[in-house]
Amino acid sequence: MTDLFMGPPDERGRFGDFGGRFVPEALMSACLELDEAYRDARVDETFARSLERELSLFAGRPTPVTPLERLSRRLDLRVFAKREDLAHTGSHKINNVLGQALLAQRMGKHRVIAETGAGQHGVATATAAARLGLACTVFMGEVDTKRQELNVFRMELLGATVVPVTSGSRTLKDAVNEALREWVTCVADTHYCIGSVMGPHPFPWMVREFQSVIGREAAHQLRELGVETPDVVVACVGGGSNAAGVFAGFAEGTSRLVGVEAAGGSAVGVGSPGVLHGMRSLLIQDEFGQIEEAESISAGLDYPGIGPEHAYLAARGRAEYVTAHDDEVIAALQVLSEDEGIIPALETAHAVAWLLREAGRSIAPGSTVLLNLSGRGDKDVAQVRALIRGES
Amino acid sequence: MTDLFMGPPDERGRFGDFGGRFVPEALMSACLELDEAYRDARVDETFARSLERELSLFAGRPTPVTPLERLSRRLDLRVFAKREDLAHTGSHKINNVLGQALLAQRMGKHRVIAETGAGQHGVATATAAARLGLACTVFMGEVDTKRQELNVFRMELLGATVVPVTSGSRTLKDAVNEALREWVTCVADTHYCIGSVMGPHPFPWMVREFQSVIGREAAHQLRELGVETPDVVVACVGGGSNAAGVFAGFAEGTSRLVGVEAAGGSAVGVGSPGVLHGMRSLLIQDEFGQIEEAESISAGLDYPGIGPEHAYLAARGRAEYVTAHDDEVIAALQVLSEDEGIIPALETAHAVAWLLREAGRSIAPGSTVLLNLSGRGDKDVAQVRALIRGES
Amino acid sequence: MTSLETALRRVRASGRTALVPYVMAGVTSDWTRLVEAAVHAGADAVEIGLPFSDPIMDGVVIQEAALRSLAAGTTLDSVCAELATLDVDAPLVAMTYYNVIHHYGVERAAHAFAHSSLRGAIIPDLPPEEAAPWERACAQNDVATVYLVAPSSPPARVARLAHATQGFAYAAARMAVTGSASDLGDARRVVNALRSVSDIPVYVGIGITTPDHAREAAQFADGVIVGSALMSLVLDGAGTTRVESFVRDFRRALDSTSTP
Amino acid sequence: MTSLETALRRVRASGRTALVPYVMAGVTSDWTRLVEAAVHAGADAVEIGLPFSDPIMDGVVIQEAALRSLAAGTTLDSVCAELATLDVDAPLVAMTYYNVIHHYGVERAAHAFAHSSLRGAIIPDLPPEEAAPWERACAQNDVATVYLVAPSSPPARVARLAHATQGFAYAAARMAVTGSASDLGDARRVVNALRSVSDIPVYVGIGITTPDHAREAAQFADGVIVGSALMSLVLDGAGTTRVESFVRDFRRALDSTSTP
Ligand SMILES: Cc1ncc(COP(=O)(O)O)c(C=O)c1O
Ligand SMILES: Cc1ncc(COP(=O)(O)O)c(C=O)c1O
């Protein structure tokens, strides 16, 4: 394992065979412009300072690393949680949107658009846009706008326009399609603020870089808590941005990196290489290359693909990708709530579920584990209640 | 103004004419024991360290002070927000409950009880109890358990038992009554974790001390942002704990301190001195000394009294107490959301409403204002939506 | 010595275990008749509840009684006025919460009590530490300040309360609000603790629900207070006759153990 | 030079403005008849849509056509098989998304196209930067790789695309997905940009909805592509007759401006 993992992709935006820039010509200039603007911004100290300022003064970074003492005792492990649930808007999504919104501003764009599934990324984008005074339009599958009415209202409160997407399956995948279609019409003054480490180059790289603050902070904080290198770093994986962010702090070391997908949306487990939304990656598709719906209780993991860098890390064996079933997930959410007073997001609970399952099995007793607590569960409480009571 | 404000109360727990310890004999020993235990703990470095550890590693302190640039431009002021909305569980309540739960543990109590209105303090208490492995029972007016079903479930997820209170008006005031009645039966092994700067001595003092971390941090953070002394410090007031916490950092200086009550629950504005829940303070009561219901769109401000120290600060003129009406509050919530990407709690929006009203009037242009952003609005979004749409 | 204490010491001296029923003023429109019925049936004193919106030492029965009374418009003044129409020998003792007194004014209240045959007052949320103004006002009006002693009260505090209480000492049988359980709990221990520091009459309350409890308490206490059990009947519609027979049953039970 | 390009250059040389209607394969069970009808009515080539679940360059009409087609079980193989039954002179050009090809295998796909009279392919999400394997496979099978040029394409890029495209260059009239608006947008500017670097036939698409648009485009372009307007009719139930008259109207409009 002497490779340098999680460096920049190659010129064409490839991580090994994955990534790239499969976009309509109408978007090509925008992608190139973004690439240039991002390369420029990332070495610009003024930009770094603005971002650092928004992350700390506005979004509440650094988020703490919490030793989970009661859970550790239960599992005979030393478990630490990186608390993205404490970031403004309740998940790691804010790290990325602040970076992109500042970049959009720097590029002279006065509007951002975004896709959203359950609404987390939409709320985060609307938040960053409000903060910076940008216009904002969020595309959300019509099915999701109904399931998540309150998030729609939240975005509206923040001044965003929410557009229900009525095409295709009317969920996240279609919201991305529609955002791309919209972007074609307004690239000149609009930035597409994508919500995970996906899409055409430079998005997967850029979003990972914006999220890597998670891993950088966590590595430093763990050292302060006396942990030089955690044995295991685990995160849930939808598109893969929170996992990429935390992995980035540990990829060069020897930690075992584990991404947990929903059993019903396992792009690594059941997917195969394909091209969607501008990238070549692992996708859930039928035998004819038609994209299938991911299915999970957790809206944030309902994406039929995975970020291309994860496909690469999987192919190279640097990270492993596993799954958790809905029922283990609910149980895990309850355990973390009762043991530690932290109600995690259903997405996050996937990572917890794997931990509960593997403690004492593939994770040796006494191991040190860093759990990326990607978000808080407040958004999921009504759903969890219905699930536990068998109402849905 | 050479007095030392916000020091300890006198021997009998009095702030001037307010405070004291008006409790049944059955609770007297518990109050004395608590007083002693708290006096002991506050000078104990080990206790200080545990609390500091939980506040930073678990609850996410320090919370940032955010310069609100767009709002400042709108109001021709320099507005800064102390971001208690970013603390774990979404408000300042966690500061107090962690202090009390650690103290309970130190006293050898293995259970905590609490009252709650909308559920914020109940969720916070259940959280701290889960974290420390204490049993927890929360009393909540039956009316409120129905209005706030999801918070009830949240507490249950955290392992707490929620007891619907069917006496009296079935809201917050009655939940306090019932918690006190319960406490009488179990003082030996149970700590009553009260939710604001109210109740019998030493609660108002102790809760203020636990919350004063807000003011201490903010004073320091403002200095780092170049503000030596803010001209105005403003906070909403239910029982008064977030206000007391932030005021504590500025009471010795010259800042104008402003507490904003709900127009329908203004203990300072329309109340008169009286004795309730173990304290002498200002209360909303009828001409016969019967306590009246507070009425506000914001459940957290629905308390017919105010902490005794606030009654004292009001009497001495060190702080002023004003009110905000429901409609201004909704408008203020919208302004802060759109301008800054922060949806505040309805409670907090009272402070914002006052700011919007007074900017350029009693607050001179260019003034520096510290707004205590006591909590996030996620809990209120459904209600705000119904209010804006005129559904309730 | 307050006249209440003189009277109650006289009851003890007569070898009689005192019976103190509780009636919430204003709970029914004929509540004063209930008081008379209780006295007629053998009460040695009557506790008169002045309703308060937030009665933290009371269980559901007395809470409900207070709410009904408040809903009917009961006030301190209205109670005093109605008591003026009463004609009973037994001393009356007010039971209320401090805000009612505080709001009315401590001196005015003590004065009003004195002029309405209320010769003592139990204010469970007013401990002696906070009671100086009230004690002064009571002293000027011959109103006894009655304090409760709890099973949790440590010895030094028992001594202090025994010293401060007037008329009688109220020994709480248990750590609970009124009407909670139904037995004698820690009553004997609390009574003994009081006895060891004072010779004031000691009455047991909280949990005395049946004549049997009363008979048992009579073995070690100077009197019993019967509150929720009686109010529960009244809330269920009992009139003077039923109240009289209820109180008489307690009277008989107590008398059967008295050492004359 | 690909045979598609040879054929289309010949059309231009004849002084005729090329008409290229779009038919989504599998949109109806008789879709091949619609293709024949279009050719019969004067189409110079036909764009054959191979449906994809996530057609990001297409507006609602073609999305709906794709969904219907997929629901009917259309696959790359089924389309090729059905095309084999077709008997038309006009060249056919596939239009699909890269995943369909990628999943099938680029070489297999190019081969299958070639054996089904598909002499070119438009893959809007496959830019030349990513297309090397596909271009190679196409070259081996005489399948033209057709690229789009957008109003946003800067000059250097126009040159590059003009160089890479085969058969014709697809000038997108506007920054929009198919079926979005209804006018010529920036078509003239895009066409001119292409003309300045290449002499390959340039066809205008995206927004050509009426014969009037076609007539106007014919003033500066070598051909027009009519997609959503035709598919919209088909979705509404139009059969061969209606398709034929629709295409004929465009033919007439184009011919009225042609310079023979
Ligand atoms: C809390 C939380 N965790 C994880 C995810 C999954 O996204 P990603 O894999 O990009 O981190 C989401 C997406 O909404 C989320 O809200
Ligand atoms: C966010 C928030 N702010 C303020 C309050 C009012 O309480 P206090 O006045 O004690 O700060 C509450 C109470 O629930 C609250 O949730």
# chains A, B, ... in the order shown; residues from 1 in each chain; ligands from 1
>>> residues_near_ligand(ligand="ligand 1", cutoff="8 Å", atoms="only C-alpha atoms and all ligand atoms", output="ChimeraX atom specification")
/A:85,90-93,116-121,195-197,236-244,299-301,306,344-348,373-377
>>> select_by_dssp(residues="region 185-239 of chain A", states="strand (DSSP E or B)", output="list in words")
Thr190, His191, Tyr192, Val232, Val233, Val234, Ala235 and Cys236 of chain A
>>> interface_residues(of="chain B", to="chain A", cutoff="6 Å", atoms="only C-alpha atoms", output="number ranges by chain")
B: 57-58, 60, 64, 66, 127, 130-131, 158-159, 337-341
>>> residues_around(residues="region 73-82 of chain D", least_positions_apart="6", cutoff="7 Å", atoms="only C-alpha atoms", output="list in words")
Phe288 of chain A; Ala25, Gly26, Leu50, Ala112, Phe113 and Ser116 of chain D
>>> write_last_selection(atoms="N, CA and C atoms", output="compact mmCIF listing (two decimals), in the first residue's frame")
# COMPACT_ATOMS: atom_id res chain seq x y z
N PHE A 288 -29.38 -4.06 -19.44
CA PHE A 288 -29.29 -3.28 -20.66
C PHE A 288 -28.67 -1.90 -20.43
N ALA D 25 -37.00 4.88 -31.14
CA ALA D 25 -37.23 3.47 -31.42
C ALA D 25 -38.09 2.86 -30.30
N GLY D 26 -39.11 2.14 -30.70
CA GLY D 26 -39.93 1.45 -29.71
C GLY D 26 -41.00 2.30 -29.08
N LEU D 50 -32.38 5.59 -29.21
CA LEU D 50 -32.34 4.35 -28.42
C LEU D 50 -32.59 4.77 -26.99
N ALA D 112 -23.00 -3.73 -34.09
CA ALA D 112 -24.44 -3.91 -34.20
C ALA D 112 -25.07 -2.77 -34.99
N PHE D 113 -24.63 -1.56 -34.74
CA PHE D 113 -25.15 -0.41 -35.49
C PHE D 113 -24.91 -0.60 -36.99
N SER D 116 -27.17 -2.70 -38.80
CA SER D 116 -28.59 -2.35 -38.77
C SER D 116 -28.82 -1.03 -39.48
>>> select_by_dssp(residues="region 74-190 of chain D", states="alpha helix (DSSP H)", output="PyMOL selection string")
chain D and resi 76-83+98-104+106-114+132-141+155-164+187-190
>>> residues_around(residues="region 209-211 of chain C", least_positions_apart="3", cutoff="6 Å", atoms="only C-alpha atoms", output="PyMOL selection string")
chain C and resi 182+214+229+250+253
>>> write_last_selection(atoms="N, CA, C and O atoms", output="mmCIF file, in the first residue's frame")
data_model
loop_
_atom_site.group_PDB
_atom_site.id
_atom_site.type_symbol
_atom_site.label_atom_id
_atom_site.label_comp_id
_atom_site.auth_asym_id
_atom_site.auth_seq_id
_atom_site.Cartn_x
_atom_site.Cartn_y
_atom_site.Cartn_z
ATOM 1 N N SER C 182 -51.833 4.825 51.131
ATOM 2 C CA SER C 182 -52.817 4.584 52.151
ATOM 3 C C SER C 182 -52.244 3.662 53.218
ATOM 4 O O SER C 182 -52.560 2.476 53.286
ATOM 5 N N ALA C 214 -56.419 5.555 61.378
ATOM 6 C CA ALA C 214 -56.561 6.527 62.459
ATOM 7 C C ALA C 214 -56.336 5.842 63.801
ATOM 8 O O ALA C 214 -55.602 6.342 64.665
ATOM 9 N N ALA C 229 -59.218 11.617 51.576
ATOM 10 C CA ALA C 229 -60.283 10.604 51.677
ATOM 11 C C ALA C 229 -61.636 11.282 51.778
ATOM 12 O O ALA C 229 -62.613 10.866 51.136
ATOM 13 N N PHE C 250 -64.463 7.810 61.877
ATOM 14 C CA PHE C 250 -63.106 8.083 62.361
ATOM 15 C C PHE C 250 -63.133 8.384 63.857
ATOM 16 O O PHE C 250 -62.281 7.920 64.614
ATOM 17 N N ALA C 253 -63.409 5.275 65.803
ATOM 18 C CA ALA C 253 -62.167 4.502 65.768
ATOM 19 C C ALA C 253 -61.170 5.101 66.753
ATOM 20 O O ALA C 253 -60.505 4.377 67.510
#
>>> residues_around(residues="Gly167 (chain D)", least_positions_apart="3", cutoff="10 Å", atoms="only C-alpha atoms", output="list in words")
Met1, Thr2, Ser3, Leu4, Glu5, Thr6, Ala7, Leu8, Arg9, Val93, Arg119, Gly120, Ala121, Val143, Ala144, Thr145, Val146, Tyr147, Tyr170, Ile200, Pro201 and Val202 of chain D
>>> residues_around(residues="Ile297 (chain B)", least_positions_apart="6", cutoff="9 Å", atoms="only C-alpha atoms", output="PyMOL selection string")
chain B and resi 262+264+326+329+346-347+383
>>> interface_residues(of="chain C", to="chain B", cutoff="6 Å", atoms="only C-alpha atoms", output="MDAnalysis selection string")
chainID C and resid 53 56 99:100 103 124:126 150 175:176
>>> write_last_selection(atoms="N, CA and C atoms", output="compact mmCIF listing (two decimals), in the first residue's frame")
# COMPACT_ATOMS: atom_id res chain seq x y z
N SER C 53 -54.00 27.83 42.56
CA SER C 53 -53.91 27.24 41.22
C SER C 53 -52.83 26.18 41.09
N ILE C 56 -48.58 22.38 44.91
CA ILE C 56 -47.55 21.36 44.67
C ILE C 56 -47.45 20.28 45.73
N ASN C 99 -48.40 31.99 47.91
CA ASN C 99 -48.70 33.09 47.00
C ASN C 99 -50.04 33.76 47.29
N VAL C 100 -50.97 32.94 47.76
CA VAL C 100 -52.28 33.49 48.06
C VAL C 100 -52.16 34.53 49.18
N HIS C 103 -49.82 37.57 48.05
CA HIS C 103 -50.49 38.50 47.16
C HIS C 103 -51.48 39.38 47.91
N PRO C 124 -47.59 24.97 53.22
CA PRO C 124 -46.52 23.98 53.04
C PRO C 124 -45.32 24.52 52.27
N ASP C 125 -45.52 25.55 51.44
CA ASP C 125 -44.35 26.05 50.69
C ASP C 125 -43.72 27.27 51.36
N LEU C 126 -44.03 27.46 52.64
CA LEU C 126 -43.39 28.57 53.37
C LEU C 126 -42.60 28.00 54.55
N ALA C 150 -41.07 16.38 57.81
CA ALA C 150 -41.08 15.28 56.83
C ALA C 150 -40.20 14.13 57.30
N MET C 175 -42.97 10.54 52.32
CA MET C 175 -42.45 11.46 51.32
C MET C 175 -43.42 11.38 50.15
N ALA C 176 -44.43 12.22 50.19
CA ALA C 176 -45.42 12.17 49.13
C ALA C 176 -46.34 13.36 49.29
>>> residues_around(residues="region 350-353 of chain A", least_positions_apart="6", cutoff="6 Å", atoms="only C-alpha atoms", output="ChimeraX atom specification")
/A:235-236,260,324,328-329,332
>>> write_last_selection(atoms="C-alpha atoms", output="PDB file, in the first residue's frame")
ATOM      1  CA  ALA A 235     -18.714   6.011   7.326  1.00  0.00           C
ATOM      2  CA  CYS A 236     -21.982   5.568   5.514  1.00  0.00           C
ATOM      3  CA  VAL A 260     -21.367   1.257   4.472  1.00  0.00           C
ATOM      4  CA  ALA A 324     -26.421  -2.721   6.269  1.00  0.00           C
ATOM      5  CA  GLU A 328     -30.185  -3.467  11.677  1.00  0.00           C
ATOM      6  CA  VAL A 329     -30.142   0.219  10.900  1.00  0.00           C
ATOM      7  CA  ALA A 332     -28.425   0.730  15.585  1.00  0.00           C
TER       8      ALA A 332
END
